[in-house]
>>> print(open('run_18.cif').read())   # mmCIF, C-alpha atoms
data_structure
#
loop_
_atom_site.label_atom_id
_atom_site.label_comp_id
_atom_site.auth_asym_id
_atom_site.auth_seq_id
_atom_site.Cartn_x
_atom_site.Cartn_y
_atom_site.Cartn_z
CA MET M 1 -131.35 -49.62 30.05
CA ALA M 2 -133.27 -47.60 32.62
CA ASN M 3 -134.69 -45.42 29.84
CA ARG M 4 -135.77 -48.35 27.70
CA LYS M 5 -139.30 -47.65 26.49
CA LEU M 6 -142.10 -50.07 27.37
CA ILE M 7 -144.78 -50.49 24.69
CA GLY M 8 -147.96 -52.44 25.39
CA ILE M 9 -150.09 -53.98 22.63
CA LEU M 10 -153.75 -54.08 23.69
CA THR M 11 -155.39 -57.07 22.05
CA TRP M 12 -157.84 -59.89 22.58
CA ARG M 13 -156.77 -63.20 24.05
CA GLU M 14 -158.36 -66.45 25.12
CA GLY M 15 -156.03 -68.01 27.64
CA THR M 16 -152.70 -67.74 25.85
CA LYS M 17 -154.25 -67.82 22.39
CA PHE M 18 -153.89 -64.61 20.36
CA SER M 19 -155.63 -63.71 17.12
CA GLU M 20 -152.52 -62.57 15.22
CA PRO M 21 -149.62 -64.62 16.65
CA LYS M 22 -147.33 -64.31 13.61
CA TYR M 23 -147.71 -60.53 13.41
CA PHE M 24 -147.26 -60.10 17.15
CA ARG M 25 -144.07 -62.18 17.18
CA ASN M 26 -142.69 -60.03 14.37
CA LEU M 27 -143.73 -56.88 16.25
CA ILE M 28 -141.93 -57.98 19.43
CA ARG M 29 -138.85 -58.93 17.38
CA GLN M 30 -138.81 -55.50 15.75
CA GLY M 31 -139.14 -53.92 19.19
CA LYS M 32 -135.92 -55.60 20.27
CA GLU M 33 -134.14 -54.20 17.21
CA LEU M 34 -135.42 -50.73 18.08
CA GLY M 35 -134.33 -51.08 21.70
CA VAL M 36 -137.81 -51.17 23.25
CA LYS M 37 -139.67 -53.81 25.23
CA VAL M 38 -142.97 -54.89 23.68
CA PHE M 39 -145.60 -57.08 25.32
CA LEU M 40 -149.20 -58.13 24.67
CA PHE M 41 -152.11 -57.73 27.07
CA SER M 42 -155.90 -57.62 27.17
CA HIS M 43 -158.10 -55.17 29.06
CA ARG M 44 -158.61 -57.86 31.71
CA ASP M 45 -154.87 -57.90 32.52
CA VAL M 46 -154.59 -54.39 33.97
CA LEU M 47 -154.32 -53.58 37.68
CA VAL M 48 -155.00 -49.85 37.62
CA LYS M 49 -154.40 -49.06 41.29
CA GLN M 50 -151.13 -50.99 41.39
CA ARG M 51 -150.15 -49.63 37.95
CA ARG M 52 -149.15 -53.09 36.82
CA VAL M 53 -150.04 -55.09 33.72
CA ARG M 54 -149.92 -58.83 33.15
CA GLY M 55 -148.19 -59.03 29.80
CA TYR M 56 -147.39 -61.83 27.39
CA ILE M 57 -144.21 -62.45 25.42
CA PRO M 58 -143.08 -65.39 23.23
CA ASP M 59 -141.50 -68.35 24.99
CA LYS M 60 -138.90 -70.75 23.62
CA GLN M 61 -141.44 -73.51 23.01
CA GLY M 62 -143.38 -71.45 20.44
CA GLY M 63 -146.10 -70.41 22.86
CA TRP M 64 -146.60 -67.41 25.15
CA SER M 65 -145.54 -66.82 28.73
CA SER M 66 -146.86 -64.17 31.11
CA LYS M 67 -145.13 -61.87 33.57
CA TRP M 68 -145.93 -58.64 35.36
CA PHE M 69 -144.85 -55.40 33.71
CA GLY M 70 -144.84 -51.82 34.89
CA TRP M 71 -147.00 -49.12 33.36
CA PRO M 72 -146.30 -48.88 29.58
CA ASP M 73 -145.00 -45.61 28.15
CA VAL M 74 -147.45 -45.95 25.28
CA VAL M 75 -150.09 -48.47 24.18
CA ILE M 76 -151.02 -49.53 20.66
CA ASP M 77 -154.62 -50.72 20.46
CA ARG M 78 -154.78 -53.78 18.20
CA CYS M 79 -158.17 -55.12 19.40
CA ARG M 80 -159.96 -56.07 16.18
CA THR M 81 -163.08 -57.41 17.90
CA ARG M 82 -164.91 -55.57 20.64
CA GLN M 83 -165.01 -58.05 23.48
CA PRO M 84 -167.20 -57.38 26.55
CA GLY M 85 -165.64 -54.68 28.70
CA TYR M 86 -163.26 -53.42 26.01
CA LEU M 87 -165.02 -50.14 25.16
CA SER M 88 -165.61 -49.11 28.77
CA PHE M 89 -161.94 -49.83 29.50
CA ARG M 90 -160.76 -47.73 26.56
CA ARG M 91 -162.95 -44.81 27.53
CA GLN M 92 -161.23 -44.59 30.91
CA LYS M 93 -158.01 -43.50 29.16
CA HIS M 94 -155.60 -45.14 31.57
CA PHE M 95 -152.72 -45.04 29.07
CA LEU M 96 -151.13 -42.84 26.45
CA TYR M 97 -152.60 -44.45 23.32
CA ALA M 98 -151.02 -44.30 19.87
CA ASN M 99 -154.47 -44.68 18.28
CA SER M 100 -157.96 -43.57 19.24
CA VAL M 101 -161.13 -45.66 19.37
CA PHE M 102 -162.55 -45.87 15.87
CA SER M 103 -166.09 -46.50 14.62
CA ASN M 104 -167.86 -49.04 12.44
CA LYS M 105 -167.89 -49.04 8.64
CA TRP M 106 -171.31 -47.46 8.30
CA ASN M 107 -170.51 -44.50 10.59
CA ILE M 108 -167.22 -43.95 8.76
CA THR M 109 -168.92 -44.09 5.36
CA ASP M 110 -171.68 -41.72 6.50
CA TYR M 111 -169.15 -39.22 7.90
CA LEU M 112 -166.86 -39.22 4.85
CA TRP M 113 -169.82 -38.90 2.46
CA GLU M 114 -170.58 -35.48 3.98
CA ASP M 115 -167.33 -34.14 2.50
CA GLU M 116 -167.64 -33.03 -1.15
CA THR M 117 -164.04 -33.88 -1.97
CA MET M 118 -164.42 -37.41 -0.57
CA ARG M 119 -167.71 -38.03 -2.37
CA LYS M 120 -166.10 -38.29 -5.82
CA TRP M 121 -164.17 -41.34 -4.57
CA MET M 122 -167.03 -43.08 -2.75
CA PRO M 123 -169.59 -45.56 -4.09
CA ARG M 124 -173.17 -44.90 -3.00
CA THR M 125 -173.97 -46.72 0.24
CA GLN M 126 -176.99 -47.02 2.54
CA ILE M 127 -178.03 -49.07 5.55
CA TYR M 128 -179.59 -52.25 4.22
CA SER M 129 -183.35 -52.47 3.83
CA GLU M 130 -185.63 -54.13 1.28
CA LYS M 131 -186.46 -50.70 -0.12
CA ALA M 132 -182.78 -49.79 -0.49
CA LEU M 133 -182.05 -53.13 -2.18
CA HIS M 134 -184.85 -52.58 -4.72
CA ALA M 135 -183.59 -49.05 -5.47
CA TYR M 136 -179.97 -50.10 -5.90
CA MET M 137 -180.87 -53.03 -8.16
CA GLU M 138 -182.77 -50.56 -10.37
CA ASP M 139 -179.77 -48.18 -10.55
CA PHE M 140 -176.77 -50.53 -10.74
CA PRO M 141 -175.98 -53.79 -12.55
CA ILE M 142 -173.90 -54.93 -9.54
CA VAL M 143 -174.75 -54.41 -5.86
CA TYR M 144 -172.95 -55.49 -2.69
CA VAL M 145 -174.58 -56.32 0.64
CA LYS M 146 -171.97 -56.28 3.40
CA PRO M 147 -171.75 -56.05 7.20
CA GLY M 148 -170.97 -52.68 8.73
CA ASN M 149 -168.63 -54.33 11.23
CA GLY M 150 -167.13 -57.23 9.29
CA THR M 151 -163.52 -58.04 8.36
CA GLY M 152 -161.59 -60.15 5.89
CA GLY M 153 -164.24 -60.20 3.16
CA ARG M 154 -166.52 -62.42 5.25
CA SER M 155 -170.31 -62.15 4.94
CA VAL M 156 -170.05 -60.02 1.76
CA LEU M 157 -172.66 -60.81 -0.88
CA LYS M 158 -172.31 -59.73 -4.52
CA ILE M 159 -175.54 -59.47 -6.52
CA SER M 160 -175.41 -59.21 -10.32
CA ARG M 161 -178.21 -58.78 -12.83
CA ILE M 162 -178.07 -61.61 -15.37
CA LYS M 163 -180.33 -62.85 -18.15
CA GLY M 164 -183.42 -64.30 -16.53
CA GLY M 165 -182.77 -63.07 -13.02
CA PHE M 166 -179.99 -62.46 -10.51
CA LEU M 167 -176.73 -64.15 -9.53
CA LEU M 168 -175.66 -64.03 -5.87
CA VAL M 169 -172.09 -64.88 -4.89
CA GLY M 170 -170.57 -64.56 -1.42
CA ARG M 171 -168.51 -66.00 1.41
CA ASN M 172 -170.09 -66.61 4.79
CA LYS M 173 -168.64 -66.21 8.29
CA LYS M 174 -166.90 -69.57 7.93
CA VAL M 175 -165.31 -68.40 4.64
CA GLN M 176 -167.41 -70.91 2.69
CA HIS M 177 -168.13 -69.97 -0.94
CA LYS M 178 -171.89 -69.64 -1.66
CA THR M 179 -173.68 -69.15 -4.99
CA TRP M 180 -177.36 -68.85 -5.83
CA GLN M 181 -179.36 -67.93 -8.92
CA VAL M 182 -182.89 -66.56 -8.55
CA THR M 183 -185.40 -65.54 -11.19
CA SER M 184 -187.57 -62.95 -9.43
CA ARG M 185 -187.24 -59.85 -7.25
CA ASP M 186 -189.26 -61.52 -4.48
CA ALA M 187 -186.91 -64.51 -4.44
CA LEU M 188 -183.95 -62.14 -4.42
CA VAL M 189 -185.23 -60.21 -1.41
CA GLU M 190 -186.03 -63.44 0.44
CA ARG M 191 -182.54 -64.83 -0.17
CA VAL M 192 -180.77 -61.58 0.80
CA ASN M 193 -182.86 -61.18 3.98
CA LEU M 194 -181.91 -64.72 4.97
CA TRP M 195 -178.23 -63.92 4.35
CA VAL M 196 -178.41 -60.76 6.49
CA ASP M 197 -180.10 -62.68 9.34
CA GLN M 198 -177.58 -65.53 9.24
CA GLU M 199 -174.47 -63.41 8.78
CA GLN M 200 -175.21 -60.60 11.24
CA ILE M 201 -172.29 -59.83 13.56
CA ARG M 202 -173.13 -58.72 17.12
CA LYS M 203 -176.42 -57.08 16.03
CA GLY M 204 -174.52 -54.78 13.66
CA TYR M 205 -175.84 -53.06 10.56
CA PHE M 206 -175.66 -54.42 7.05
CA MET M 207 -175.07 -52.02 4.19
CA VAL M 208 -176.11 -52.04 0.56
CA GLN M 209 -173.47 -50.55 -1.73
CA GLN M 210 -173.12 -49.58 -5.36
CA GLY M 211 -171.25 -52.37 -7.13
CA LEU M 212 -168.18 -51.57 -9.19
CA ASP M 213 -166.71 -53.28 -12.23
CA LEU M 214 -163.33 -54.14 -10.73
CA ALA M 215 -162.59 -57.10 -13.00
CA LEU M 216 -159.42 -55.69 -14.53
CA LEU M 217 -158.70 -59.34 -15.32
CA PRO M 218 -161.52 -61.48 -16.78
CA ASP M 219 -163.95 -62.76 -14.10
CA ARG M 220 -161.53 -61.91 -11.28
CA PRO M 221 -162.24 -59.03 -8.88
CA SER M 222 -159.25 -56.89 -8.01
CA ASP M 223 -158.62 -54.06 -5.60
CA THR M 224 -155.70 -52.17 -4.13
CA ARG M 225 -154.59 -52.26 -0.49
CA LEU M 226 -152.72 -49.08 0.43
CA LEU M 227 -151.00 -48.88 3.81
CA ILE M 228 -150.49 -45.40 5.25
CA GLN M 229 -148.75 -45.08 8.64
CA LYS M 230 -147.33 -42.53 11.01
CA ASN M 231 -143.52 -42.47 10.89
CA GLN M 232 -140.79 -41.80 13.45
CA GLN M 233 -141.35 -38.03 13.04
CA GLY M 234 -145.07 -38.36 13.76
CA LYS M 235 -146.03 -37.64 10.14
CA TRP M 236 -148.29 -39.62 7.83
CA SER M 237 -146.37 -41.53 5.17
CA ILE M 238 -147.47 -44.09 2.57
CA THR M 239 -145.58 -47.31 3.27
CA GLY M 240 -146.68 -49.12 0.14
CA LEU M 241 -149.52 -50.53 -1.89
CA GLY M 242 -150.30 -53.61 -3.91
CA VAL M 243 -153.07 -55.16 -5.98
CA ARG M 244 -155.09 -58.10 -4.70
CA VAL M 245 -156.60 -60.30 -7.42
CA GLY M 246 -159.42 -62.60 -6.33
CA VAL M 247 -160.05 -66.19 -7.34
CA LEU M 248 -162.18 -66.88 -10.42
CA LYS M 249 -165.78 -65.59 -10.07
CA SER M 250 -165.24 -64.62 -6.39
CA ALA M 251 -167.15 -61.79 -4.68
CA THR M 252 -164.02 -60.32 -3.08
CA SER M 253 -160.27 -60.21 -3.62
CA ASN M 254 -159.13 -60.84 -0.03
CA LEU M 255 -155.89 -62.78 0.36
CA HIS M 256 -157.40 -64.93 3.12
CA ASN M 257 -160.03 -66.08 0.63
CA GLY M 258 -157.48 -67.29 -1.91
CA GLY M 259 -156.61 -63.99 -3.60
CA LYS M 260 -153.10 -63.24 -4.86
CA ALA M 261 -150.97 -60.12 -4.42
CA THR M 262 -149.10 -58.37 -7.21
CA ASP M 263 -147.11 -55.18 -7.77
CA PHE M 264 -149.32 -52.10 -8.20
CA ILE M 265 -147.24 -50.15 -10.74
CA SER M 266 -146.61 -53.01 -13.15
CA PHE M 267 -150.24 -54.14 -12.91
CA MET M 268 -151.66 -50.67 -13.65
CA ASN M 269 -149.12 -49.95 -16.39
CA ASN M 270 -150.04 -53.20 -18.12
CA LYS M 271 -153.75 -52.39 -17.92
CA PHE M 272 -153.82 -48.62 -18.56
CA GLY M 273 -150.37 -47.70 -19.93
CA GLU M 274 -147.48 -46.01 -18.13
CA GLU M 275 -148.79 -42.43 -18.24
CA ARG M 276 -152.28 -43.29 -16.98
CA GLY M 277 -150.74 -45.69 -14.44
CA LYS M 278 -148.74 -42.81 -12.93
CA GLU M 279 -151.90 -40.66 -12.74
CA ILE M 280 -153.77 -43.45 -10.94
CA LEU M 281 -150.90 -43.89 -8.46
CA HIS M 282 -150.81 -40.14 -7.77
CA GLU M 283 -154.57 -40.03 -7.18
CA CYS M 284 -154.39 -43.03 -4.82
CA HIS M 285 -151.81 -41.10 -2.77
CA GLU M 286 -153.99 -37.98 -2.85
CA LEU M 287 -156.99 -40.00 -1.67
CA ALA M 288 -155.00 -41.59 1.17
CA TYR M 289 -153.60 -38.37 2.61
CA TYR M 290 -156.93 -36.58 2.38
CA THR M 291 -158.83 -39.49 3.96
CA VAL M 292 -156.56 -39.80 7.02
CA LYS M 293 -156.69 -36.03 7.51
CA LYS M 294 -160.50 -36.13 7.60
CA LEU M 295 -160.58 -39.14 9.92
CA GLU M 296 -158.17 -37.63 12.46
CA GLU M 297 -160.28 -34.45 12.49
CA LYS M 298 -163.22 -36.58 13.61
CA TYR M 299 -161.73 -39.35 15.73
CA GLY M 300 -158.47 -37.96 17.09
CA ARG M 301 -154.97 -39.37 16.95
CA MET M 302 -154.58 -42.45 14.75
CA LEU M 303 -151.64 -44.70 13.96
CA GLU M 304 -152.20 -46.39 10.61
CA PHE M 305 -154.87 -47.22 8.06
CA GLY M 306 -155.27 -49.82 5.38
CA LEU M 307 -157.31 -48.34 2.55
CA ASP M 308 -159.09 -50.72 0.21
CA ILE M 309 -159.25 -48.88 -3.10
CA GLY M 310 -161.09 -50.06 -6.18
CA ILE M 311 -159.90 -49.07 -9.64
CA ASP M 312 -162.65 -49.82 -12.13
CA THR M 313 -162.25 -50.76 -15.78
CA SER M 314 -162.38 -47.08 -16.80
CA GLY M 315 -159.57 -46.17 -14.37
CA HIS M 316 -161.84 -44.36 -11.87
CA ILE M 317 -160.67 -44.60 -8.26
CA TRP M 318 -163.07 -45.63 -5.47
CA LEU M 319 -162.60 -45.85 -1.72
CA ILE M 320 -164.18 -49.15 -0.73
CA GLU M 321 -163.20 -49.45 2.93
CA VAL M 322 -160.98 -47.97 5.64
CA ASN M 323 -159.36 -50.32 8.16
CA PRO M 324 -157.73 -48.76 11.27
CA LYS M 325 -156.04 -52.02 12.31
CA PRO M 326 -154.84 -53.37 8.98
CA GLY M 327 -152.87 -56.43 8.02
CA ARG M 328 -149.68 -56.11 5.98
CA ASP M 329 -149.26 -59.61 4.54
CA ILE M 330 -149.85 -58.23 1.05
CA PHE M 331 -146.18 -57.20 0.99
CA LEU M 332 -145.09 -60.76 1.72
CA GLY M 333 -147.41 -61.95 -1.05
CA MET M 334 -145.62 -59.56 -3.40
CA GLY M 335 -142.24 -60.92 -2.34
CA LYS M 336 -141.29 -57.64 -0.61
CA ALA M 337 -139.99 -58.87 2.75
CA GLU M 338 -138.19 -55.62 3.56
CA LEU M 339 -141.35 -53.60 2.98
CA TYR M 340 -143.25 -55.96 5.27
CA LYS M 341 -140.57 -55.47 7.92
CA GLU M 342 -140.89 -51.69 7.57
CA ALA M 343 -144.68 -51.95 7.86
CA VAL M 344 -144.29 -53.89 11.14
CA ARG M 345 -141.65 -51.51 12.48
CA ASN M 346 -143.41 -48.21 11.73
CA PRO M 347 -146.07 -48.39 14.49
CA LEU M 348 -143.33 -48.96 17.07
CA ALA M 349 -141.17 -46.13 15.69
CA TYR M 350 -144.16 -43.81 15.93
CA ALA M 351 -144.99 -45.01 19.45
CA ILE M 352 -141.42 -44.25 20.56
CA TRP M 353 -141.65 -40.76 19.03
CA LEU M 354 -145.02 -40.19 20.71
CA ALA M 355 -143.76 -41.26 24.14
CA GLU M 356 -140.68 -39.04 23.86
CA THR M 357 -142.74 -36.08 22.61
CA GLU M 358 -145.24 -36.43 25.45
CA ASN M 359 -142.43 -36.67 28.01
CA LYS M 360 -140.88 -33.44 26.72
CA THR M 361 -144.28 -31.73 26.89
CA VAL M 362 -144.77 -32.85 30.50
CA ALA M 363 -141.22 -31.76 31.42
CA ARG M 364 -141.81 -28.28 29.98
CA TYR M 365 -145.10 -28.03 31.86
CA ASP M 366 -143.47 -29.09 35.16
CA LYS M 367 -140.88 -26.33 34.81
#
>>> encode(input="run_18.cif", output="structure tokens")
Amino acid sequence: MANRKLIGILTWREGTKFSEPKYFRNLIRQGKELGVKVFLFSHRDVLVKQRRVRGYIPDKQGGWSSKWFGWPDVVIDRCRTRQPGYLSFRRQKHFLYANSVFSNKWNITDYLWEDETMRKWMPRTQIYSEKALHAYMEDFPIVYVKPGNGTGGRSVLKISRIKGGFLLVGRNKKVQHKTWQVTSRDALVERVNLWVDQEQIRKGYFMVQQGLDLALLPDRPSDTRLLIQKNQQGKWSITGLGVRVGVLKSATSNLHNGGKATDFISFMNNKFGEERGKEILHECHELAYYTVKKLEEKYGRMLEFGLDIGIDTSGHIWLIEVNPKPGRDIFLGMGKAELYKEAVRNPLAYAIWLAETENKTVARYDK
């Protein structure tokens, strides 16, 4: 037991309230099966000089209890919101991290767009301005206005040209469904500016993006969530993928907004035929491996990514978003409990491999 690895999960907490309690409980349970100790902590829980961390683990009453832990062998950063003090703490590099600090959606989009291979998979995107909105509405029948630092499909506004004006459909920060119809460009700009002001997250950018016809089912947006993770050999591997189908006339397909998950292969085969379905699957894999390669070149070691991929009605593949701290509930929605379990386990298996690899490197250096 002396060699039992200690893995810390850096996250946000308010008292003993955590943002992803179900996932974290599953993560700690999987740690036990792998023979490692896993605990949660925030950047405020670290005593650097004493090399001690106040960590949290599940208690028998369904809550969380705290105790002092030694210095973790490796830390997985699962902070999905940048709380005050988080970035300065991360930059001090106190721990061996399984994943590097990432950037916001606009910076990622701008970086990937520079690569010619990536560009064929990327919808046109700019930082939001009235001028950009006018230009995009001239060029595309559908346009999205979305936050550069948002999550879960919140604050995304879909704008469609319709007879006599424009239709705007979105979900706000509180996940409330909103719909407006305007008849003029001036009214459109006024409404979108108001949305951007109200929905802004921590003074972040909004983006205007080329809309895609992703209604592979009538009046229902659909996209694909692909999960790619490092495995126990430290190599990238695609864990799985599934299709998310949004509610009727929704702006997004997110599961938290009422969307449903379904099997990718059967869905694509039904829509495009078996041969074309295989080609689409192969290209999704190609896109995933190439994207993570480019991102690690820029940002350093990463652990996992959830890629939101749009397949339009012609079968063209588009990279919509890249999420470095993805959910994996889509596999439960598809009825694939074992795949969900694997998706929870993989980050820990990689963290164990990383800690052992680093220890061997240090041992060789000491000799």
>>> closest_residue(input="run_18.cif", among="M:Leu226, M:Ile330, M:Ala261, M:Val196", to="Gly148 of chain M", atoms="only C-alpha atoms")
M:Val196
>>> residues_near_point(input="run_18.cif", point="(-146.9, -41.2, 22.6)", cutoff="9 Å", atoms="only C-alpha atoms", output="VMD selection string")
chain M and resid 73 to 75 96 to 98 350 to 359
>>> closest_residue(input="run_18.cif", among="M:Lys105, M:Arg25, M:Lys230, M:Lys163", to="Pro147 of chain M", atoms="only C-alpha atoms")
M:Lys105
>>> atom_distance(input="run_18.cif", atom1="atom CA of Lys22 of chain M", atom2="atom CA of Leu307 of chain M")
21.8 Å
>>> axis_aligned_box(input="run_18.cif", around="segment 129-144 of chain M", padding_each_side="5 Å", output="lines of an AutoDock Vina configuration file")
center_x = -179.7
center_y = -51.8
center_z = -4.4
size_x = 23.5
size_y = 17.3
size_z = 26.4
>>> closest_atom_pairs(input="run_18.cif", of="segment 290-310 of chain M", to="segment 210-223 of chain M", cutoff="8 Å", atoms="only C-alpha atoms", output="JSON lines")
{"residue": "M:Asp308", "atom": "CA", "partner": "M:Asp223", "partner_atom": "CA", "distance": 6.7}
{"residue": "M:Ile309", "atom": "CA", "partner": "M:Asp223", "partner_atom": "CA", "distance": 5.8}
{"residue": "M:Gly310", "atom": "CA", "partner": "M:Asp223", "partner_atom": "CA", "distance": 4.7}
>>> resolve_selection(input="run_18.cif", expression="the PyMOL selection byres ((chain M and resi 206-208) around 12)", output="ChimeraX atom specification")
/M:104-107,109-110,123-137,140,142-150,155-159,192-193,195-205,209-211
>>> residues_around(input="run_18.cif", residues="Glu33 of chain M", least_positions_apart="4", cutoff="12 Å", atoms="all atoms listed in the file", output="list of chain:residue names")
M:Asn26, M:Leu27, M:Ile28, M:Arg29, M:Lys37, M:Val38, M:Lys341, M:Val344, M:Arg345, M:Leu348, M:Ala349
>>> closest_residue(input="run_18.cif", among="M:Glu138, M:Ala343, M:Val175, M:Val53", to="Arg154 of chain M", atoms="only C-alpha atoms")
M:Val175
>>> atom_distance(input="run_18.cif", atom1="atom CA of Gly164 of chain M", atom2="atom CA of Gly246 of chain M")
26.1 Å
>>> build_atoms(input="run_18.cif", residues="segment 117-130 of chain M", atoms="N, CA and C atoms", output="mmCIF file, in the frame of the given file")
data_model
loop_
_atom_site.group_PDB
_atom_site.id
_atom_site.type_symbol
_atom_site.label_atom_id
_atom_site.label_comp_id
_atom_site.auth_asym_id
_atom_site.auth_seq_id
_atom_site.Cartn_x
_atom_site.Cartn_y
_atom_site.Cartn_z
ATOM 1 N N THR M 117 -165.245 -33.345 -1.352
ATOM 2 C CA THR M 117 -164.040 -33.880 -1.970
ATOM 3 C C THR M 117 -164.011 -35.402 -1.889
ATOM 4 N N MET M 118 -164.408 -35.955 -0.743
ATOM 5 C CA MET M 118 -164.420 -37.410 -0.570
ATOM 6 C C MET M 118 -165.454 -38.074 -1.472
ATOM 7 N N ARG M 119 -166.569 -37.398 -1.701
ATOM 8 C CA ARG M 119 -167.710 -38.030 -2.370
ATOM 9 C C ARG M 119 -167.379 -38.533 -3.775
ATOM 10 N N LYS M 120 -166.444 -37.864 -4.459
ATOM 11 C CA LYS M 120 -166.100 -38.290 -5.820
ATOM 12 C C LYS M 120 -165.416 -39.653 -5.837
ATOM 13 N N TRP M 121 -164.874 -40.059 -4.667
ATOM 14 C CA TRP M 121 -164.170 -41.340 -4.570
ATOM 15 C C TRP M 121 -165.017 -42.436 -3.929
ATOM 16 N N MET M 122 -166.269 -42.145 -3.559
ATOM 17 C CA MET M 122 -167.030 -43.080 -2.750
ATOM 18 C C MET M 122 -168.233 -43.655 -3.496
ATOM 19 N N PRO M 123 -168.375 -44.973 -3.530
ATOM 20 C CA PRO M 123 -169.590 -45.560 -4.090
ATOM 21 C C PRO M 123 -170.786 -45.274 -3.190
ATOM 22 N N ARG M 124 -171.955 -45.151 -3.792
ATOM 23 C CA ARG M 124 -173.170 -44.900 -3.000
ATOM 24 C C ARG M 124 -173.423 -46.058 -2.050
ATOM 25 N N THR M 125 -173.792 -45.708 -0.812
ATOM 26 C CA THR M 125 -173.970 -46.720 0.240
ATOM 27 C C THR M 125 -175.109 -46.302 1.151
ATOM 28 N N GLN M 126 -175.930 -47.254 1.564
ATOM 29 C CA GLN M 126 -176.990 -47.020 2.540
ATOM 30 C C GLN M 126 -177.049 -48.184 3.517
ATOM 31 N N ILE M 127 -177.715 -47.957 4.658
ATOM 32 C CA ILE M 127 -178.030 -49.070 5.550
ATOM 33 C C ILE M 127 -179.003 -49.990 4.821
ATOM 34 N N TYR M 128 -178.782 -51.288 4.954
ATOM 35 C CA TYR M 128 -179.590 -52.250 4.220
ATOM 36 C C TYR M 128 -181.059 -52.228 4.646
ATOM 37 N N SER M 129 -181.918 -52.252 3.653
ATOM 38 C CA SER M 129 -183.350 -52.470 3.830
ATOM 39 C C SER M 129 -183.860 -53.038 2.512
ATOM 40 N N GLU M 130 -185.058 -53.615 2.526
ATOM 41 C CA GLU M 130 -185.630 -54.130 1.280
ATOM 42 C C GLU M 130 -185.824 -52.998 0.278
#
